[in-house]
Structure formats: C-alpha cells, structure tokens
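structure_33.txt follows (compact mmCIF, C-alpha atoms and all ligand atoms):
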# COMPACT_ATOMS: atom_id res chain seq x y z
CA ARG A 19 -23.76 20.29 -4.46
CA LEU A 20 -22.81 16.68 -5.07
CA LEU A 21 -24.41 14.11 -2.86
CA ALA A 22 -24.25 10.33 -3.07
CA VAL A 23 -25.90 7.74 -0.87
CA GLU A 24 -24.22 4.41 -0.22
CA ARG A 25 -25.65 1.49 1.66
CA ARG A 26 -23.14 0.16 4.20
CA THR A 27 -23.01 -3.36 2.86
CA GLU A 28 -20.68 -5.70 4.71
CA GLY A 29 -17.36 -5.94 2.88
CA ALA A 30 -18.40 -3.79 -0.09
CA ALA A 31 -14.92 -2.18 -0.40
CA SER A 32 -16.13 0.43 -2.87
CA GLY A 33 -13.52 3.02 -1.90
CA LEU A 34 -16.14 5.76 -2.15
CA ARG A 35 -14.98 7.42 1.07
CA GLY A 36 -11.52 7.98 -0.34
CA PHE A 37 -12.99 9.11 -3.63
CA PHE A 38 -15.26 11.70 -2.02
CA ARG A 39 -12.48 13.01 0.19
CA SER A 40 -10.48 13.62 -2.98
CA VAL A 41 -13.41 15.22 -4.81
CA ALA A 42 -13.75 17.62 -1.87
CA ARG A 43 -10.08 18.61 -2.22
CA GLU A 44 -10.17 18.84 -5.98
CA TYR A 45 -13.34 20.94 -6.19
CA PRO A 46 -13.19 23.38 -3.26
CA ASP A 47 -16.21 25.31 -4.56
CA LEU A 48 -18.38 22.22 -4.58
CA THR A 49 -19.84 20.63 -1.46
CA ALA A 50 -19.39 16.91 -2.09
CA THR A 51 -20.72 14.43 0.43
CA LEU A 52 -21.02 10.68 0.64
CA VAL A 53 -23.92 9.79 2.91
CA GLU A 54 -23.67 6.27 4.26
CA VAL A 55 -26.87 4.59 5.37
CA ALA A 56 -27.43 1.17 6.96
CA ALA A 57 -27.66 -1.71 4.50
CA GLY A 58 -31.31 -2.26 5.35
CA ALA A 59 -32.40 1.42 5.41
CA GLY A 60 -35.81 1.91 3.84
CA PRO A 61 -36.71 4.69 1.38
CA GLU A 62 -37.98 7.00 4.13
CA GLU A 63 -34.79 6.72 6.13
CA VAL A 64 -32.71 7.40 3.01
CA ALA A 65 -34.88 10.41 2.12
CA ALA A 66 -34.58 11.78 5.66
CA ALA A 67 -30.79 11.41 5.55
CA VAL A 68 -30.65 13.28 2.24
CA VAL A 69 -32.84 16.10 3.53
CA THR A 70 -30.70 16.42 6.68
CA GLU A 71 -27.59 16.49 4.56
CA LEU A 72 -28.88 19.18 2.24
CA ALA A 73 -29.39 21.43 5.26
CA ALA A 74 -25.93 20.73 6.71
CA THR A 75 -23.31 23.44 6.42
CA ASP A 76 -20.18 21.70 7.73
CA ARG A 77 -18.86 20.38 4.39
CA GLU A 78 -17.99 16.88 5.60
CA PRO A 79 -17.01 14.65 2.64
CA VAL A 80 -18.26 11.50 4.40
CA VAL A 81 -21.09 11.17 6.92
CA LEU A 82 -22.52 8.09 8.60
CA THR A 83 -26.21 8.12 9.35
CA GLY A 84 -28.54 5.77 11.17
CA GLY A 85 -31.01 5.76 14.04
CA GLY A 86 -31.66 9.47 13.54
CA THR A 87 -27.99 10.42 14.04
CA ARG A 88 -25.41 11.88 11.68
CA ARG A 89 -21.68 11.72 12.33
CA ALA A 90 -18.45 12.40 10.52
CA LEU A 91 -15.33 10.24 10.69
CA ARG A 92 -12.28 11.56 12.53
CA LEU A 93 -8.75 10.27 12.96
CA THR A 94 -8.14 9.41 16.61
CA PRO A 95 -4.66 9.29 18.15
CA THR A 96 -4.24 5.90 19.81
CA ASP A 97 -1.49 4.61 22.09
CA LEU A 98 0.07 1.27 21.31
CA GLY A 99 -0.55 0.07 24.84
CA ALA A 100 1.53 -0.35 27.96
CA LEU A 101 3.91 -2.95 26.53
CA ALA A 102 5.09 -0.60 23.84
CA ALA A 103 6.42 1.79 26.44
CA THR A 104 8.37 -0.85 28.37
CA GLY A 105 10.84 -3.52 27.36
CA ALA A 106 12.19 -2.67 23.94
CA GLY A 107 10.06 0.48 24.10
CA PRO A 108 9.40 2.92 21.31
CA ALA A 109 13.11 3.45 20.72
CA GLY A 110 13.82 -0.29 20.47
CA ASP A 111 15.68 -1.82 17.56
CA GLY A 112 12.76 -4.04 16.58
CA VAL A 113 14.03 -7.39 17.92
CA ALA A 114 11.48 -7.61 20.73
CA GLU A 115 8.78 -6.33 18.39
CA ALA A 116 9.52 -9.00 15.80
CA GLU A 117 9.36 -11.65 18.50
CA ALA A 118 6.07 -10.31 19.80
CA ALA A 119 4.72 -10.31 16.23
CA GLY A 120 5.68 -13.99 15.88
CA LEU A 121 8.63 -13.43 13.56
CA ASP A 122 11.60 -15.69 14.11
CA ARG A 123 14.02 -17.61 11.86
CA ASP A 124 11.39 -20.18 10.93
CA ALA A 125 8.64 -17.71 10.16
CA VAL A 126 7.66 -17.13 6.53
CA VAL A 127 6.54 -13.73 5.31
CA LEU A 128 5.22 -12.95 1.85
CA LEU A 129 5.70 -9.36 0.69
CA VAL A 130 3.77 -8.53 -2.47
CA GLY A 131 5.50 -5.58 -4.08
CA GLY A 132 8.27 -6.18 -1.57
CA ALA A 133 11.26 -6.36 -3.89
CA ARG A 134 11.20 -2.62 -4.53
CA GLY A 135 10.44 0.70 -2.88
CA ILE A 136 9.49 1.21 0.74
CA THR A 137 8.34 -2.39 1.16
CA ALA A 138 11.85 -3.60 0.38
CA ARG A 139 12.98 -1.43 3.27
CA PHE A 140 10.47 -3.10 5.53
CA ALA A 141 11.71 -6.47 4.29
CA ARG A 142 15.27 -5.47 5.22
CA THR A 143 14.17 -4.52 8.71
CA ILE A 144 12.38 -7.80 9.40
CA ALA A 145 15.29 -9.73 7.90
CA SER A 146 17.79 -7.94 10.10
CA VAL A 147 15.83 -8.37 13.32
CA SER A 148 14.45 -11.89 12.82
CA ARG A 149 16.16 -13.47 9.78
CA CYS A 150 12.75 -14.87 8.87
CA ARG A 151 12.19 -16.54 5.50
CA ILE A 152 11.06 -14.05 2.89
CA GLU A 153 9.01 -14.52 -0.27
CA LEU A 154 8.75 -11.56 -2.63
CA MET A 155 6.33 -10.94 -5.48
CA GLY A 156 6.49 -8.31 -8.24
CA ARG A 157 6.14 -7.86 -12.00
CA THR A 158 9.76 -7.04 -12.79
CA PRO A 159 11.43 -9.88 -14.66
CA VAL A 160 14.94 -10.56 -13.41
CA PRO A 161 17.02 -12.33 -16.04
CA ALA A 162 19.25 -15.06 -14.64
CA GLY A 163 22.98 -14.50 -14.79
CA ALA A 164 24.99 -11.33 -15.15
CA GLU A 165 23.59 -8.12 -16.63
CA ASP A 166 23.87 -7.52 -20.37
CA PRO A 167 27.31 -5.99 -21.17
CA VAL A 168 25.49 -3.18 -23.07
CA THR A 169 24.25 -1.78 -19.76
CA ALA A 170 26.42 -3.40 -17.09
CA GLY A 171 28.86 -0.50 -16.78
CA ALA A 172 26.15 2.22 -16.81
CA ALA A 173 25.55 3.26 -13.23
CA ASP A 174 22.50 5.51 -13.43
CA ARG A 175 19.58 6.60 -15.61
CA ASP A 176 21.63 9.06 -17.68
CA ALA A 177 24.42 6.56 -18.30
CA LEU A 178 21.89 3.87 -19.25
CA ARG A 179 20.17 6.22 -21.71
CA ALA A 180 23.51 6.94 -23.31
CA ALA A 181 24.35 3.22 -23.46
CA PHE A 182 21.09 2.35 -25.23
CA LEU A 183 21.48 5.22 -27.70
CA ARG A 184 25.04 4.07 -28.44
CA SER A 185 23.73 0.57 -29.06
CA GLY A 186 21.62 1.96 -31.93
CA MET A 187 18.22 2.34 -30.26
CA THR A 188 16.41 5.40 -31.62
CA SER A 189 12.89 5.58 -30.15
CA PRO A 190 13.01 7.80 -27.01
CA ALA A 191 10.00 5.95 -25.55
CA GLU A 192 11.70 2.59 -26.05
CA VAL A 193 14.92 3.90 -24.51
CA GLU A 194 13.02 5.11 -21.41
CA ARG A 195 11.18 1.80 -21.11
CA ARG A 196 14.39 -0.20 -21.31
CA VAL A 197 16.20 2.10 -18.87
CA SER A 198 13.40 1.70 -16.32
CA ALA A 199 13.40 -2.07 -16.81
CA VAL A 200 17.15 -2.30 -16.12
CA LEU A 201 16.87 -0.11 -13.02
CA ALA A 202 13.89 -2.14 -11.75
CA ALA A 203 15.72 -5.45 -12.25
CA ARG A 204 18.78 -4.05 -10.45
CA GLU A 205 16.60 -2.93 -7.56
CA VAL A 206 15.06 -6.41 -7.25
CA ARG A 207 18.49 -8.07 -7.38
CA ASP A 208 19.85 -5.68 -4.74
CA THR A 209 16.90 -6.41 -2.49
CA VAL A 210 17.27 -10.17 -2.79
CA GLU A 211 21.05 -10.03 -2.24
CA GLY A 212 20.66 -7.57 0.64
CA LEU A 213 18.14 -9.81 2.40
CA ARG A 214 20.33 -12.88 1.94
CA ALA A 215 23.30 -10.97 3.33
CA LEU A 216 21.19 -10.26 6.42
CA GLY A 217 20.69 -14.00 6.92
CA SER A 218 17.22 -14.54 5.45
CA GLN A 219 16.26 -17.24 2.98
CA VAL A 220 14.71 -15.42 0.03
CA ARG A 221 12.78 -16.24 -3.14
CA TYR A 222 11.49 -13.79 -5.72
CA HIS A 223 8.39 -14.59 -7.79
CA CYS A 224 7.80 -12.65 -10.97
CA VAL A 225 4.00 -12.39 -10.82
CA ASP A 226 1.53 -9.72 -11.83
CA VAL A 227 -1.12 -9.47 -9.11
CA LEU A 228 -3.72 -8.87 -11.80
CA ASP A 229 -3.20 -12.49 -12.83
CA THR A 230 -5.36 -14.08 -10.15
CA GLU A 231 -4.51 -17.64 -11.16
CA ALA A 232 -0.78 -16.96 -10.91
CA VAL A 233 -1.30 -15.36 -7.48
CA HIS A 234 -3.15 -18.43 -6.20
CA ALA A 235 -0.56 -20.80 -7.66
CA THR A 236 2.34 -18.83 -6.11
CA VAL A 237 0.74 -18.68 -2.67
CA LYS A 238 0.12 -22.43 -2.81
CA ASP A 239 3.73 -23.00 -3.86
CA ILE A 240 5.02 -20.89 -0.97
CA HIS A 241 2.96 -22.85 1.53
CA ALA A 242 4.03 -26.16 0.00
CA GLU A 243 7.69 -25.11 0.14
CA HIS A 244 7.70 -24.14 3.81
CA GLY A 245 4.60 -25.80 5.25
CA ARG A 246 3.59 -22.45 6.73
CA LEU A 247 2.94 -18.81 5.98
CA ASP A 248 3.02 -16.49 8.97
CA GLY A 249 2.42 -13.04 7.58
CA VAL A 250 1.57 -11.16 4.43
CA VAL A 251 2.37 -7.62 3.42
CA TYR A 252 0.44 -6.39 0.41
CA ALA A 253 2.05 -3.28 -1.06
CA ALA A 254 1.63 -3.55 -4.82
CA GLY A 255 0.41 -0.28 -6.25
CA VAL A 256 0.81 2.16 -9.11
CA ILE A 257 0.05 5.86 -9.40
CA GLU A 258 -1.10 7.76 -12.47
CA ASP A 259 -2.05 11.09 -10.90
CA LYS A 260 -4.49 13.27 -12.83
CA LEU A 261 -7.42 15.51 -11.99
CA ILE A 262 -10.79 13.78 -12.23
CA ALA A 263 -11.80 15.89 -15.23
CA GLU A 264 -8.78 14.64 -17.17
CA LYS A 265 -8.65 11.07 -15.98
CA PRO A 266 -9.30 8.30 -18.52
CA VAL A 267 -11.48 5.50 -17.13
CA GLU A 268 -8.81 2.97 -18.06
CA SER A 269 -6.26 4.77 -15.93
CA PHE A 270 -8.63 4.91 -12.96
CA ARG A 271 -9.24 1.19 -13.37
CA ARG A 272 -5.51 0.33 -13.48
CA VAL A 273 -4.73 2.25 -10.31
CA PHE A 274 -7.78 0.95 -8.45
CA THR A 275 -7.50 -2.68 -9.55
CA THR A 276 -3.79 -3.05 -8.88
CA LYS A 277 -4.49 -2.35 -5.22
CA VAL A 278 -7.97 -3.72 -4.70
CA GLY A 279 -8.14 -6.61 -7.18
CA GLY A 280 -4.61 -7.68 -6.28
CA ALA A 281 -5.17 -7.48 -2.52
CA ARG A 282 -8.42 -9.40 -2.86
CA ALA A 283 -6.68 -12.16 -4.85
CA VAL A 284 -3.87 -12.46 -2.31
CA LEU A 285 -6.18 -12.44 0.72
CA ASP A 286 -8.44 -15.04 -0.90
CA ALA A 287 -5.43 -17.19 -1.74
CA VAL A 288 -3.93 -17.10 1.76
CA GLY A 289 -7.39 -17.52 3.26
CA ALA A 290 -7.71 -20.84 1.42
CA LEU A 291 -4.51 -22.28 2.97
CA PRO A 292 -4.85 -24.99 5.62
CA THR A 293 -2.76 -22.86 8.00
CA GLY A 294 -2.91 -19.25 6.96
CA PRO A 295 -1.05 -16.17 8.19
CA ARG A 296 -1.71 -14.45 11.49
CA PHE A 297 -1.46 -11.01 9.97
CA ALA A 298 -1.98 -9.30 6.64
CA VAL A 299 -0.73 -5.74 6.38
CA LEU A 300 -2.11 -3.75 3.47
CA PHE A 301 -0.08 -0.70 2.48
CA GLY A 302 -2.55 2.16 2.11
CA SER A 303 -1.94 5.87 1.90
CA ILE A 304 -2.84 8.98 3.81
CA ALA A 305 -4.46 10.03 0.51
CA GLY A 306 -7.10 7.35 1.18
CA ALA A 307 -7.72 8.52 4.73
CA LEU A 308 -7.82 12.24 3.97
CA GLY A 309 -8.17 12.57 0.19
CA ASN A 310 -5.76 14.17 -2.24
CA ARG A 311 -6.05 16.39 -5.27
CA GLY A 312 -5.18 14.45 -8.43
CA GLN A 313 -5.36 11.07 -6.67
CA SER A 314 -9.08 10.22 -6.64
CA ASP A 315 -8.38 6.72 -8.01
CA TYR A 316 -5.48 6.06 -5.65
CA ALA A 317 -7.41 7.44 -2.65
CA ALA A 318 -10.42 5.27 -3.49
CA ALA A 319 -8.21 2.21 -3.82
CA ASN A 320 -6.41 2.77 -0.53
CA ASP A 321 -9.67 3.40 1.25
CA ALA A 322 -11.14 0.19 -0.17
CA LEU A 323 -8.22 -1.80 1.25
CA GLU A 324 -9.49 -1.05 4.76
CA GLU A 325 -12.68 -2.95 4.15
CA LEU A 326 -10.83 -5.90 2.60
CA GLY A 327 -8.54 -6.14 5.63
CA ARG A 328 -11.39 -5.79 8.08
CA ARG A 329 -13.40 -8.48 6.33
CA TRP A 330 -10.41 -10.86 6.27
CA SER A 331 -9.84 -10.46 10.01
CA THR A 332 -10.98 -13.03 12.58
CA PRO A 333 -10.11 -13.37 16.27
CA GLU A 334 -7.11 -15.45 15.14
CA ARG A 335 -5.76 -13.13 12.44
CA ARG A 336 -5.44 -9.40 11.96
CA GLY A 337 -5.96 -7.58 8.69
CA LEU A 338 -4.46 -4.13 9.03
CA THR A 339 -4.34 -1.29 6.56
CA VAL A 340 -1.53 1.16 7.24
CA HIS A 341 -2.16 4.49 5.57
CA TRP A 342 1.34 5.87 5.21
CA GLY A 343 2.20 9.51 4.87
CA PRO A 344 4.98 10.15 2.34
CA TRP A 345 8.33 8.52 3.00
CA ALA A 346 11.64 10.21 2.33
CA ALA A 347 13.19 8.65 -0.76
CA ALA A 348 16.28 6.78 0.33
CA GLU A 349 19.20 6.24 -2.02
CA THR A 350 17.99 2.73 -2.77
CA ASN A 351 14.33 1.77 -2.78
CA GLY A 352 13.13 5.32 -3.32
CA GLY A 353 9.54 4.31 -4.01
CA MET A 354 6.79 6.57 -5.28
CA VAL A 355 8.16 9.73 -3.68
CA THR A 356 10.53 11.04 -6.31
CA PRO A 357 13.06 13.81 -5.58
CA GLU A 358 10.69 16.20 -7.40
CA LEU A 359 7.78 15.19 -5.17
CA MET A 360 10.03 15.54 -2.13
CA ARG A 361 10.70 19.15 -3.08
CA SER A 362 6.98 19.79 -3.52
CA TYR A 363 6.23 18.29 -0.07
CA ALA A 364 8.97 20.42 1.44
CA ALA A 365 7.41 23.53 -0.13
CA ARG A 366 4.05 22.58 1.44
CA GLY A 367 5.69 22.02 4.83
CA ILE A 368 4.95 18.27 4.78
CA LYS A 369 7.53 16.21 6.64
CA LEU A 370 8.57 12.81 5.33
CA ILE A 371 8.78 9.48 7.11
CA ASP A 372 12.36 8.47 7.89
CA PRO A 373 13.05 5.22 5.99
CA GLU A 374 14.66 3.70 9.11
CA GLU A 375 11.82 4.72 11.38
CA GLY A 376 8.92 3.71 9.07
CA PRO A 377 9.59 -0.04 9.20
CA LEU A 378 10.14 0.06 12.97
CA SER A 379 6.84 1.83 13.51
CA LEU A 380 5.06 -0.90 11.56
CA LEU A 381 6.80 -3.59 13.60
CA ARG A 382 5.67 -1.84 16.78
CA GLU A 383 2.12 -1.70 15.46
CA LEU A 384 2.19 -5.43 14.68
CA ALA A 385 3.66 -6.22 18.07
CA TRP A 386 1.71 -3.96 20.37
CA GLY A 387 -1.21 -2.54 18.39
CA ALA A 388 -4.76 -3.43 19.40
CA PRO A 389 -5.88 -6.41 17.29
CA GLU A 390 -9.29 -4.84 16.77
CA VAL A 391 -7.74 -1.81 15.04
CA HIS A 392 -7.92 -2.48 11.30
CA ALA A 393 -6.73 0.83 9.89
CA THR A 394 -4.10 3.27 11.06
CA VAL A 395 -2.40 6.35 9.69
CA TYR A 396 1.36 6.64 10.16
CA THR A 397 2.73 9.97 9.07
CA ALA A 398 5.56 12.33 9.95
CA SER A 399 3.30 15.39 9.82
CA GLY A 400 -0.13 16.66 8.90
CA TRP A 401 -1.55 16.60 5.39
N1 LIG A 501 6.46 5.85 -0.89
C1 LIG A 501 5.58 6.44 -0.12
O1 LIG A 501 5.84 7.49 0.44
C2 LIG A 501 4.22 5.82 0.10
C3 LIG A 501 3.28 6.57 0.85
C4 LIG A 501 2.03 6.04 1.05
C5 LIG A 501 1.74 4.77 0.60
N2 LIG A 501 2.65 4.05 -0.11
C6 LIG A 501 2.26 2.72 -0.58
O2 LIG A 501 3.31 1.81 -0.39
C7 LIG A 501 3.34 0.85 -1.42
C8 LIG A 501 4.73 0.80 -2.04
O3 LIG A 501 4.98 2.07 -2.63
P1 LIG A 501 6.43 2.58 -3.04
O4 LIG A 501 6.48 4.00 -2.77
O5 LIG A 501 7.44 1.70 -2.48
O6 LIG A 501 6.33 2.47 -4.63
P2 LIG A 501 7.04 1.50 -5.68
O7 LIG A 501 8.50 1.50 -5.47
O8 LIG A 501 6.50 1.90 -6.99
O9 LIG A 501 6.47 0.09 -5.25
C9 LIG A 501 5.34 -0.48 -5.80
C10 LIG A 501 5.53 -1.98 -5.72
O10 LIG A 501 4.39 -2.62 -6.26
C11 LIG A 501 4.81 -3.58 -7.23
N3 LIG A 501 3.73 -3.70 -8.21
C12 LIG A 501 3.08 -2.71 -8.88
N4 LIG A 501 2.15 -3.22 -9.69
C13 LIG A 501 2.19 -4.56 -9.54
C14 LIG A 501 1.47 -5.64 -10.10
N5 LIG A 501 0.50 -5.44 -11.00
N6 LIG A 501 1.79 -6.89 -9.72
C15 LIG A 501 2.77 -7.12 -8.82
N7 LIG A 501 3.47 -6.15 -8.23
C16 LIG A 501 3.20 -4.88 -8.59
C17 LIG A 501 6.11 -3.02 -7.79
O11 LIG A 501 6.95 -4.01 -8.31
P3 LIG A 501 7.10 -4.22 -9.89
O12 LIG A 501 7.27 -2.88 -10.51
O13 LIG A 501 8.28 -5.12 -10.00
O14 LIG A 501 5.83 -4.90 -10.27
C18 LIG A 501 6.74 -2.44 -6.53
O15 LIG A 501 7.42 -3.44 -5.82
C19 LIG A 501 2.26 1.25 -2.42
O16 LIG A 501 1.13 0.45 -2.17
C20 LIG A 501 1.96 2.69 -2.06
O17 LIG A 501 0.62 3.02 -2.31
C21 LIG A 501 3.89 4.57 -0.38

Write out the structure in this file as structure tokens.
Amino acid sequence: RLLAVERRTEGAASGLRGFFRSVAREYPDLTATLVEVAAGAGPEEVAAAVVTELAATDREPVVLTGGGTRRALRLTPTDLGALAATGAGPAGDGVAEAEAAGLDRDAVVLLVGGARGITARFARTIASVSRCRIELMGRTPVPAGAEDPVTAGAADRDALRAAFLRSGMTSPAEVERRVSAVLAAREVRDTVEGLRALGSQVRYHCVDVLDTEAVHATVKDIHAEHGRLDGVVYAAGVIEDKLIAEKPVESFRRVFTTKVGGARAVLDAVGALPTGPRFAVLFGSIAGALGNRGQSDYAAANDALEELGRRWSTPERRGLTVHWGPWAAAETNGGMVTPELMRSYAARGIKLIDPEEGPLSLLRELAWGAPEVHATVYTASGW
C-alpha cells in the first residue's frame, strides 16, 4: 500500500496526480493512492482521510477529500455547445473556428515547440485558415544559407549516416547526433517555408525554454515587433521513458522541467505584457490524465500543466491544457509517435489521431469550448 497526502494549495502544480496514475499502472500489485485534502485541513481531518482511505477497496489512484466526503476524478464527455453544431459545424474547414477564436491576418500567435512535430501541423492549419502572423520557438539551430554540401544530397537518416561516415566521422554516437541535428534543422526550415507559402508572416527563434531569461527577452521582442500577441501554444516537451525503478533523477527532472519550468516561464512572460494573449494552449498528454507505464515523469509534467493553465486564466483569457491521445505520425512532422510506437499502439488496439483532424479539433475547442473548461482530453480511442 502506498499512500500520499497532498494539501490542495492554489496553483501548486506538483503533477502528483499524473505521477500516481502512472505508479498505479506500473505496479499493478500495489494499491497507490494520492489523497488530496483542503489546504487548511487540520491534523484530525488528515488522519480521518487516511483512515478512510486505508479501508477503501476501489483502488483509485487519486481521491479528493473534504467536508467528510471522498470522491474520485472522472473524465466527462462534454459537448462544445450549440454553435459548434451549426455554421461551420464539426465538419467545417476551420475558417469560421479561427474567426471565432480571434485569429485573422493581423493576429499574432506564438507556438513554443511549434517548428516541429504535431505543433507544426497545428501551425499549418491556423496559417491556412487565417494567415495569422506566426512566431516559433525551439532549440534547433538553423544555420543561415544552404545546407552543407556534405549532407545536402542525403535524403533520409540512412543516407545521412552514410554521408557522415564517408566524410571521415568515426564515432557512432557523434554520427547519430549529427544526423538528428540535420533532420531537425530540415524540419524547422520546411515548417517555416510551408507557413510562408500559406501566406503567414513567420519568424523562428532558436531558444531553449529552460533559459528563462531568453524566453522573457523573446516574448518581449515579439510583442515589440507586432504590438500585440493574441495566442500562445506551449508544446515543448521531451520523453525519456523508463520504469520508475530504473529512472535516474536527472532524467525525471529533464522531462518534468522542460514542460513545467518552460510553460511557467512562457506564461509569466506573456502575463507581464501590457496586452497579453487571450488564450494559452498547453499541449498535455493522455498519459497525464490517465497515467502510463514508463512515463511517470511525463505524466506528472502533463498533469502539472493543468494547474499552470488554470492559474493563468482570468475572465479575459483562457488557459487550456489539451491532453492529446497519440497522433498518427505523418510523413513530415512525425512527432513523438515513431513508426515503432505506432505498431505497438496498433497491437494494443489504440487508434491514432488523424493529423488533419487533430488541429481542427483544437480550433473547434478554442472557438466553441466553454471558457471555464481548463483541461480536456482529445483522443481517437480509449487508453
Ligand atoms: N505526438 C503525439 O502523439 C503527442 C501525444 C500527446 C501529447 N503530445 C505533446 O505534444 C507536444 C509536441 O510533441 P510532438 O509529438 O510533436 O514531439 P516533438 O516533435 O518531439 O516536438 C517537441 C517540440 O518541443 C521542442 N522542444 C523540446 N525541448 C525544448 C526546449 N528545451 N526548448 C525549446 N523547445 C523545446 C522541440 O523542438 P527542438 O527539438 O527544436 O527544441 C519540438 O518542437 C509535446 O508537448 C507532447 O508532450 C504529443
């Protein structure tokens, strides 16, 4: 039996819910529960909650207690509201949704982690339906000018490996690192060119979100450049999946901080602007909402995002965490779901989000979703 008590402190963003949901999946023989009590609960109330929990037999990973009650958290299907079913409707192409979300040619959207992966696909969708101005942030350096002739003719990972070996490189680790760097830079270039071709003004900022000062400076620069910032999408994240028993603390910290520390820095930075964005979408994961074996760090991080978004929200602006189920890897912007992972999902009967449909569903949520909803799960099937 593993039992932890957490005080529900406003804005704590500990991610413990996601962590406990993953513990429960990773250790099926253990009953692991996070018992949440009110911030001001006295010792007797805490003791009573623990005693109640020890007698419980329902194996809930997270329970909320208070006022003599105990309840578990459940996902609730929610409609997007009447407007979503009329006008452009659920099958719409996103134009009406973009308009309803305040995205037009003049609007400025910052997408952190948006030059690659599934967020680049979302960027393409908003560019194609609104031609809004787009600011992208990511770590990948993109050298100016044409690609080095050593690699320019090598189309894929295998060809790049061969090119580096031919050039005299001998360390396999160094070859892999360089190959990944070339592919990443190509992906960023493709995204920027693709967005421009769709009619958007685009800038890419090579910034590591762990560098809080650089994040603040970049956000300021974006606002100074355009005089406005209408929306933010925070999607930076890394995965280093490992069972808890084998997970180095450093690795846990990297995965957690990239999401939580980075999102906090960005939200603080945009919160300090004279005219800040109306929405901030944080890309979470179904692993945070339901837990996942081997992803305790990632689940904790995605869960913590919810609290950051909720705390950032006011009646004038919506912080929304979207916990995505796995997306199908498209030919470009494949993201974290590798072909190998796709096969493993298929074997488990898990369906994948269509890369065309995913961005449209987020646009619909921004357009028609209830402003008081701060966390949603979008998935193509169960987990
Ligand atoms: N793909 C899915 O099925 C799926 C499902 C659920 C949730 N998500 C979430 O969606 C988001 C995007 O995932 P993805 O699948 O598209 O993976 P991805 O291709 O690996 O994208 C991750 C993005 O984060 C950026 N990034 C990582 N660390 C950073 C840092 N320290 N500073 C700045 N940027 C950083 C990466 O750019 P650089 O490498 O250039 O820094 C990249 O643009 C993630 O938050 C992920 O948790 C994805």

Note to self: Please find the residues contacting ligand LIG 501 (chain A) at a distance of at most 6 Å between atoms, with all atoms listed in the file counted, and report them as a list in words.
What the structure shows: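 Checked against 6 Å with all atoms listed in the file; the hits are Gly131, Gly132, Ala133, Arg134, Gly135, Ile136, Thr137, Gly156, Arg157, Thr158, Val225, Asp226, Val227, Leu228, Ala253, Ala254, Gly255, Val256, Thr276, Phe301, Gly302, Ser303, Trp342, Gly343, Pro344, Trp345, Gly353, Met354 and Val355 of chain A.
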
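Closest to Ala125 (chain A) among A:Cys150, A:Cys224, A:Ala317, A:Ala388 is A:Cys150, based on only C-alpha atoms.
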
Margin query: Show me, as a VMD selection string, the residues that have an atom within 6 Å of Asp321 (chain A) when counting only C-alpha atoms, minus same-chain residues fewer than 3 positions from it.
Written below: chain A and resid 33 36 306 318 324

Margin query: Rounded to one decimal, what separation in Å do you get between CA of Gly289 (chain A) and CA of Gly245 (chain A)?
Written below: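 So the answer is 14.7 Å.
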
To box region 278-289 of chain A, take all atoms listed in the file, fit an axis-aligned box, add 8 Å on each side, and give centre and edge lengths in Å to one decimal, as JSON.
{"center_x": -6.2, "center_y": -10.6, "center_z": -2.0, "size_x": 20.6, "size_y": 29.8, "size_z": 26.4}

Item checked: Near-Phe37 (chain A) list (6 Å; all atoms listed in the file; drop same-chain fewer than 2 positions) as a ChimeraX atom specification -> /A:34-35,39-40,314,317-318

Next item on the list: Please indicate the distance in Å from CA of Ser148 (chain A) to CA of Ala116 (chain A), rounded to one decimal place.
Entry: 6.4 Å

Margin query: Could you list, as a list in words, every residue within 12 Å of Ala180 (chain A), counting only C-alpha atoms and ignoring same-chain residues fewer than 3 positions away?
Written below: Val168, Thr169, Gly171, Ala172, Ala173, Asp174, Arg175, Asp176, Ala177, Leu183, Arg184, Ser185, Gly186, Met187, Thr188, Pro190, Val193, Glu194, Arg196 and Val197 of chain A

Next item on the list: Go ahead and find all residues with at least one atom no further than 7 Å from (-16.0, -2.6, 3.5) in the file's coordinates, using all atoms listed in the file; report them as a VMD selection string.
Entry: chain A and resid 28 to 31 322 324 to 326

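The smallest atom-to-atom distance between Leu20 (chain A) and any of A:Ile257, A:Ala319, A:Ala364, A:Ala50, using only C-alpha atoms, is found for A:Ala50.
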
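Using all atoms listed in the file, the residues found no farther than 9 Å from Thr293 (chain A), other than those of its own chain fewer than 3 positions away, are A:His241, A:Gly245, A:Arg246, A:Leu247, A:Asp248, A:Val288, A:Gly289, A:Ala290.
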
Next item on the list: Could you tell me how far CA of Arg271 (chain A) lies from CA of Phe38 (chain A), in Å and to one decimal?
Entry: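 Calculated distance between CA of Arg271 (chain A) and CA of Phe38 (chain A) is 16.6 Å.
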
Check: Could you name the residues that touch Ala347 (chain A) at 8 Å or less, counting only C-alpha atoms, but leaving out those on the same chain fewer than 4 positions away, as a ChimeraX atom specification?
Finding: /A:351-353,355-357,360,373

Margin query: Nearest residue to Asp76 (chain A) out of A:Leu121, A:Ala90, A:Val233, A:Val126, using all atoms listed in the file?
Written below: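 That would be A:Ala90, the residue with the smallest distance to Asp76 (chain A).
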
Checklist line | Selected residue of minimal separation from Val251 (chain A) among A:Arg272, A:Lys265, A:Arg296, A:Arg361, counting all atoms listed in the file | finding: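 Among A:Arg272, A:Lys265, A:Arg296, A:Arg361, it is A:Arg296 that comes nearest to Val251 (chain A).
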
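Closest approach to Lys369 (chain A) among A:Ser399, A:Ile152, A:Ala141, A:Arg328: A:Ser399, based on all atoms listed in the file.
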
Next item on the list: Tell me which of A:Asp124, A:Glu63, A:Glu383, A:Glu165 sits closest to Leu338 (chain A), counting all atoms listed in the file.
Entry: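 Of A:Asp124, A:Glu63, A:Glu383, A:Glu165, the one nearest Leu338 (chain A), counting all atoms listed in the file, is A:Glu383.
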